[in-house]
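Raw contents of protein_37.tsv, TSV, C-alpha atoms:
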chain	number	residue	atom	x	y	z
P	17	ALA	CA	81.16	76.93	133.51
P	18	THR	CA	83.61	75.68	136.11
P	19	ARG	CA	84.87	72.96	133.76
P	20	LEU	CA	85.27	75.50	130.96
P	21	GLU	CA	87.17	77.90	133.18
P	22	SER	CA	89.54	75.16	134.35
P	23	VAL	CA	90.10	74.11	130.75
P	24	GLY	CA	90.77	77.73	129.77
P	25	SER	CA	93.49	78.10	132.38
P	26	GLY	CA	95.20	74.77	131.69
P	27	SER	CA	97.73	73.91	129.06
P	28	GLY	CA	96.80	72.17	125.83
P	29	SER	CA	97.81	68.60	125.12
P	30	ALA	CA	100.28	67.72	122.41
P	31	SER	CA	97.71	65.80	120.35
P	32	LYS	CA	97.02	66.90	116.79
P	33	PRO	CA	93.47	68.25	117.46
P	34	ALA	CA	94.79	70.38	120.34
P	35	ALA	CA	97.61	71.64	118.11
P	36	GLU	CA	95.12	72.56	115.41
P	37	ALA	CA	92.91	74.27	117.95
P	38	GLY	CA	95.94	76.14	119.22
P	39	GLU	CA	96.36	77.60	115.75
P	40	GLN	CA	93.22	79.68	116.18
P	41	VAL	CA	94.64	81.18	119.38
P	42	LYS	CA	98.06	81.84	117.84
P	43	ALA	CA	96.40	83.39	114.79
P	44	PHE	CA	94.34	85.62	117.09
P	45	ASP	CA	97.50	86.71	118.89
P	46	ASP	CA	99.12	87.51	115.54
P	47	TYR	CA	96.04	89.49	114.52
P	48	TYR	CA	96.11	91.40	117.82
P	49	SER	CA	99.78	92.32	117.42
P	50	ALA	CA	99.38	93.39	113.79
P	51	SER	CA	96.04	95.21	113.96
P	52	VAL	CA	94.97	96.06	117.52
P	53	LEU	CA	98.28	97.17	119.03
P	54	PRO	CA	98.96	99.84	116.37
P	55	TRP	CA	95.47	101.26	116.98
P	56	ILE	CA	96.15	101.31	120.74
P	57	GLU	CA	99.42	103.18	120.20
P	58	THR	CA	97.73	105.79	118.01
P	59	SER	CA	94.93	106.15	120.57
P	60	LYS	CA	97.46	106.80	123.31
P	61	LYS	CA	99.04	109.54	121.18
P	62	ILE	CA	95.63	111.22	120.91
P	63	GLY	CA	94.98	110.73	124.64
P	64	GLY	CA	92.28	112.69	126.45
P	65	ASP	CA	88.96	110.92	126.87
P	66	LEU	CA	90.24	108.09	124.65
P	67	ASN	CA	92.52	106.83	127.42
P	68	GLY	CA	89.69	105.20	129.38
P	69	ALA	CA	88.15	103.79	126.21
P	70	VAL	CA	91.46	102.26	125.15
P	71	ALA	CA	91.64	100.37	128.45
P	72	LEU	CA	88.14	99.00	127.77
P	73	VAL	CA	89.07	97.97	124.22
P	74	GLU	CA	92.11	96.14	125.59
P	75	GLU	CA	89.91	94.44	128.19
P	76	ALA	CA	87.34	93.42	125.56
P	77	PHE	CA	89.99	91.84	123.34
P	78	ALA	CA	91.57	90.09	126.33
P	79	GLU	CA	88.18	88.59	127.21
P	80	LEU	CA	87.62	87.62	123.56
P	81	ARG	CA	90.97	85.84	123.56
P	82	LYS	CA	89.97	83.91	126.69
P	83	VAL	CA	86.79	82.70	124.98
P	84	ILE	CA	88.73	81.63	121.87
P	85	ASP	CA	91.28	79.84	124.05
P	86	VAL	CA	88.60	78.00	126.03
P	87	ALA	CA	86.84	77.00	122.81
P	88	SER	CA	90.10	75.65	121.38
P	89	LYS	CA	90.40	73.30	124.36
P	90	SER	CA	86.76	72.40	125.07
P	91	LYS	CA	83.71	70.81	123.53
P	92	LYS	CA	80.83	73.20	122.92
P	93	PRO	CA	79.06	73.69	126.26
P	94	ASP	CA	75.35	74.01	126.96
P	95	ASN	CA	73.79	77.46	126.64
P	96	THR	CA	74.04	78.22	130.37
P	97	ALA	CA	77.78	77.52	130.53
P	98	PHE	CA	78.35	79.39	127.26
P	99	GLY	CA	76.43	82.38	128.61
P	100	ALA	CA	78.65	82.36	131.71
P	101	LEU	CA	81.74	82.29	129.47
P	102	LEU	CA	80.48	85.37	127.59
P	103	LYS	CA	79.56	87.39	130.71
P	104	PRO	CA	82.91	89.24	130.92
P	105	ILE	CA	82.59	90.42	127.30
P	106	ILE	CA	79.05	91.64	127.96
P	107	ALA	CA	80.26	93.43	131.11
P	108	VAL	CA	82.97	95.26	129.12
P	109	MET	CA	80.40	96.32	126.52
P	110	LYS	CA	78.27	97.82	129.29
P	111	LYS	CA	81.29	99.65	130.71
P	112	MET	CA	82.05	101.05	127.24
P	113	GLY	CA	78.46	102.28	126.90
P	114	ASP	CA	78.64	103.91	130.33
P	115	TYR	CA	82.00	105.51	129.53
P	116	THR	CA	80.71	106.87	126.22
P	117	PHE	CA	77.65	108.31	127.96
P	118	LYS	CA	79.83	109.96	130.60
P	119	PHE	CA	81.92	111.77	127.97
P	120	ASN	CA	79.12	112.21	125.43
P	121	ARG	CA	79.61	115.97	125.24
P	122	GLY	CA	83.40	115.98	125.34
P	123	PRO	CA	85.86	116.67	122.53
P	124	MET	CA	86.15	112.95	121.74
P	125	ALA	CA	82.40	112.27	121.65
P	126	ASN	CA	82.35	110.98	118.05
P	127	HIS	CA	85.46	108.88	118.64
P	128	LEU	CA	83.75	107.28	121.65
P	129	ARG	CA	80.37	106.82	119.96
P	130	GLY	CA	82.11	105.01	117.11
P	131	LEU	CA	84.00	102.82	119.53
P	132	SER	CA	80.89	102.06	121.54
P	133	ASP	CA	79.18	100.81	118.38
P	134	GLY	CA	82.26	99.28	116.78
P	135	LEU	CA	83.55	97.38	119.80
P	136	LYS	CA	80.48	95.17	119.57
P	137	LEU	CA	82.49	93.29	116.94
P	138	VAL	CA	84.04	91.26	119.78
P	139	GLN	CA	80.62	89.71	120.32
P	140	TRP	CA	80.97	87.69	117.10
P	141	VAL	CA	81.66	84.66	119.31
P	142	ALA	CA	77.96	84.63	120.21
P	143	VAL	CA	76.78	84.81	116.58
P	144	PRO	CA	76.01	81.39	115.12
P	145	ASN	CA	76.39	80.67	111.40
P	146	THR	CA	77.23	84.21	110.18
P	147	PRO	CA	79.90	85.83	112.37
P	148	VAL	CA	81.82	87.39	109.47
P	149	PRO	CA	78.93	89.59	108.25
P	150	TYR	CA	78.29	90.54	111.88
P	151	VAL	CA	81.88	91.78	112.29
P	152	LYS	CA	81.63	93.72	109.03
P	153	ASP	CA	78.35	95.30	110.19
P	154	MET	CA	80.04	96.51	113.38
P	155	VAL	CA	82.89	98.02	111.34
P	156	GLU	CA	80.27	99.97	109.40
P	157	ALA	CA	78.46	100.97	112.61
P	158	ALA	CA	81.68	102.55	113.88
P	159	ARG	CA	82.32	104.16	110.52
P	160	PHE	CA	79.17	106.30	110.84
P	161	TYR	CA	80.70	108.23	113.75
P	162	HIS	CA	84.26	107.95	112.54
P	163	ILE	CA	83.33	109.82	109.36
P	164	LYS	CA	82.25	112.63	111.66
P	165	VAL	CA	85.72	112.47	113.25
P	166	LEU	CA	87.30	112.83	109.81
P	167	VAL	CA	85.13	115.82	108.96
P	168	GLU	CA	85.78	117.47	112.33
P	169	TYR	CA	89.56	117.07	112.16
P	170	LYS	CA	90.00	117.71	108.45
P	171	LYS	CA	90.43	121.44	109.03
P	172	LYS	CA	92.78	121.09	112.01
P	173	GLU	CA	96.54	121.41	111.90
P	174	GLU	CA	97.97	118.87	109.43
P	175	ALA	CA	99.71	116.67	112.04
P	176	VAL	CA	96.56	116.51	114.18
P	177	ALA	CA	94.36	115.76	111.17
P	178	LYS	CA	96.73	113.01	110.04
P	179	LEU	CA	96.78	111.44	113.53
P	180	HIS	CA	92.97	111.26	113.73
P	181	LYS	CA	92.66	109.99	110.15
P	182	GLY	CA	95.19	107.29	110.99
P	183	TRP	CA	93.19	106.38	114.07
P	184	VAL	CA	89.99	106.00	112.02
P	185	ASP	CA	91.78	103.99	109.33
P	186	GLN	CA	93.41	101.73	111.92
P	187	TRP	CA	90.05	100.98	113.54
P	188	ALA	CA	88.63	100.01	110.13
P	189	LYS	CA	91.69	97.80	109.53
P	190	LEU	CA	91.31	96.27	112.99
P	191	GLY	CA	87.71	95.33	112.16
P	192	ASN	CA	88.38	94.12	108.63
P	193	GLU	CA	91.33	92.00	109.77
P	194	LEU	CA	89.17	90.52	112.54
P	195	ALA	CA	86.60	89.59	109.87
P	196	ALA	CA	89.39	87.89	107.88
P	197	TYR	CA	90.52	86.00	111.00
P	198	VAL	CA	86.96	84.90	111.77
P	199	LYS	CA	86.43	83.84	108.16
P	200	GLU	CA	89.53	81.66	108.25
P	201	TYR	CA	89.10	80.05	111.68
P	202	HIS	CA	85.44	80.42	112.66
P	203	THR	CA	83.47	80.72	109.40
P	204	THR	CA	80.21	79.31	110.75
P	205	GLY	CA	80.65	80.35	114.36
P	206	LEU	CA	83.10	79.94	117.21
P	207	LYS	CA	85.13	76.77	116.56
P	208	TRP	CA	85.11	74.35	119.48
P	209	ASN	CA	87.47	71.45	120.05
P	210	PRO	CA	85.64	68.27	119.03
P	211	LYS	CA	87.54	66.13	121.61

Serialized structure, structure tokens:
Amino acid sequence: ATRLESVGSGSGSASKPAAEAGEQVKAFDDYYSASVLPWIETSKKIGGDLNGAVALVEEAFAELRKVIDVASKSKKPDNTAFGALLKPIIAVMKKMGDYTFKFNRGPMANHLRGLSDGLKLVQWVAVPNTPVPYVKDMVEAARFYHIKVLVEYKKKEEAVAKLHKGWVDQWAKLGNELAAYVKEYHTTGLKWNPK
């Protein structure tokens, strides 16, 4: 794990394989800007119990980016080192579960339950062979609770209803665009640098 961490914090070489590997990181950054940031902004407009969850979503995607970056610069490690690389993502998932449990009876309970299920999509890096269907499954897992959000807010003031509908739609887009990213750059699992 130490070697992987040092590779993850270093700069890439100018060789063609490193440049190609860098594409997967740049594409992830583009995805984040286009799909995750708008969802974060909408979440902040809603506020309340979502504020803590938004911080955890940001943390989960930051940890996901670190894994993608390390993979773009490293050969595939053994299972022990790979497990160590994934520990921060697993820790964020636990924090999200704890946060959801803490606010389980609050006004944003269905929002949080959907996020708790849906955020598992960042764990695609641990799914060999079929990460795209896994991401899509997590989008659907979130949708179960997010439909409840739509029903709950449908009868609210128009601006409030529109804000929550946008939030649900943006989460679905975030997941579907992640599936498209994974399909393009990591079709059969996390792509490691062969050098």

Tell me which of P:Asp114, P:Glu57, P:Asp85, P:Asp65 sits closest to Asp45 of chain P, counting all atoms listed in the file.
P:Asp85

Work out how far atom CA of Ser49 of chain P is from atom CA of Ala125 of chain P, in Å to one decimal.
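It comes out at 26.8 Å.
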
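Here atom CA of Met109 of chain P stands at a distance of 26.7 Å from atom CA of Asn209 of chain P.
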
Contacts of Ser132 of chain P within 10 Å, only C-alpha atoms, excl. fewer than 5 positions in-chain, as a count of residues only
17

Between atom CA of His180 of chain P and atom CA of Tyr197 of chain P, what distance in Å does the model show, to one decimal?
25.5 Å

Pick from P:Tyr169, P:Gly63, P:Ile105, P:Lys42: nearest to Glu79 of chain P, with all atoms listed in the file counted?
P:Ile105

Within 10 Å of Phe160 of chain P, counting all atoms listed in the file, which residues show up once you throw out same-chain ones fewer than 5 positions away? Write them as a ChimeraX atom specification, please.
/P:126,129-130,133-134,155,165

Residues near Lys60 of chain P, cut-off 12 Å, all atoms listed in the file, skip fewer than 4 positions along chain, as number ranges by chain:
P: 53-56, 64-71, 179-180, 183

Can you pull out the residues contacting segment 191-195 of chain P? Cut-off 9 Å, using all atoms listed in the file, and skip same-chain residues under 3 positions away; I want them as a VMD selection string.
chain P and resid 44 47 to 48 51 134 to 135 137 to 138 147 to 152 154 to 155 186 to 188 198 to 200

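You can rank P:Leu166, P:Val52, P:Ala175, P:Ala76 by their closest distance to Met124 of chain P using only C-alpha atoms, and at the top of that list sits P:Leu166.
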
Nearest-residue call for Glu168 of chain P, choices P:Glu74, P:Asp185, P:Pro123, P:Leu206, using only C-alpha atoms:
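Using only C-alpha atoms, Glu168 of chain P sits closest to P:Pro123.
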
Just checking: using only C-alpha atoms, which residue out of P:Ala100, P:Val41, P:Val167, P:Ile62 ends up closest to Ala78 of chain P?
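Of P:Ala100, P:Val41, P:Val167, P:Ile62, the one nearest Ala78 of chain P is P:Val41, counting only C-alpha atoms.
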
Minimum-distance residue to Gly38 of chain P, chosen among P:Lys181, P:Arg81, P:Lys170, P:Lys61 (using all atoms listed in the file)
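For Gly38 of chain P, the nearest of the candidates is P:Arg81.
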
At a cut-off of 10 Å around the point (85.1, 72.1, 118.1) (file coordinates), what residues fall inside when counting only C-alpha atoms? I'd like the answer as an NGL selection string.
:P and (33 or 37 or 87-92 or 202 or 206-211)
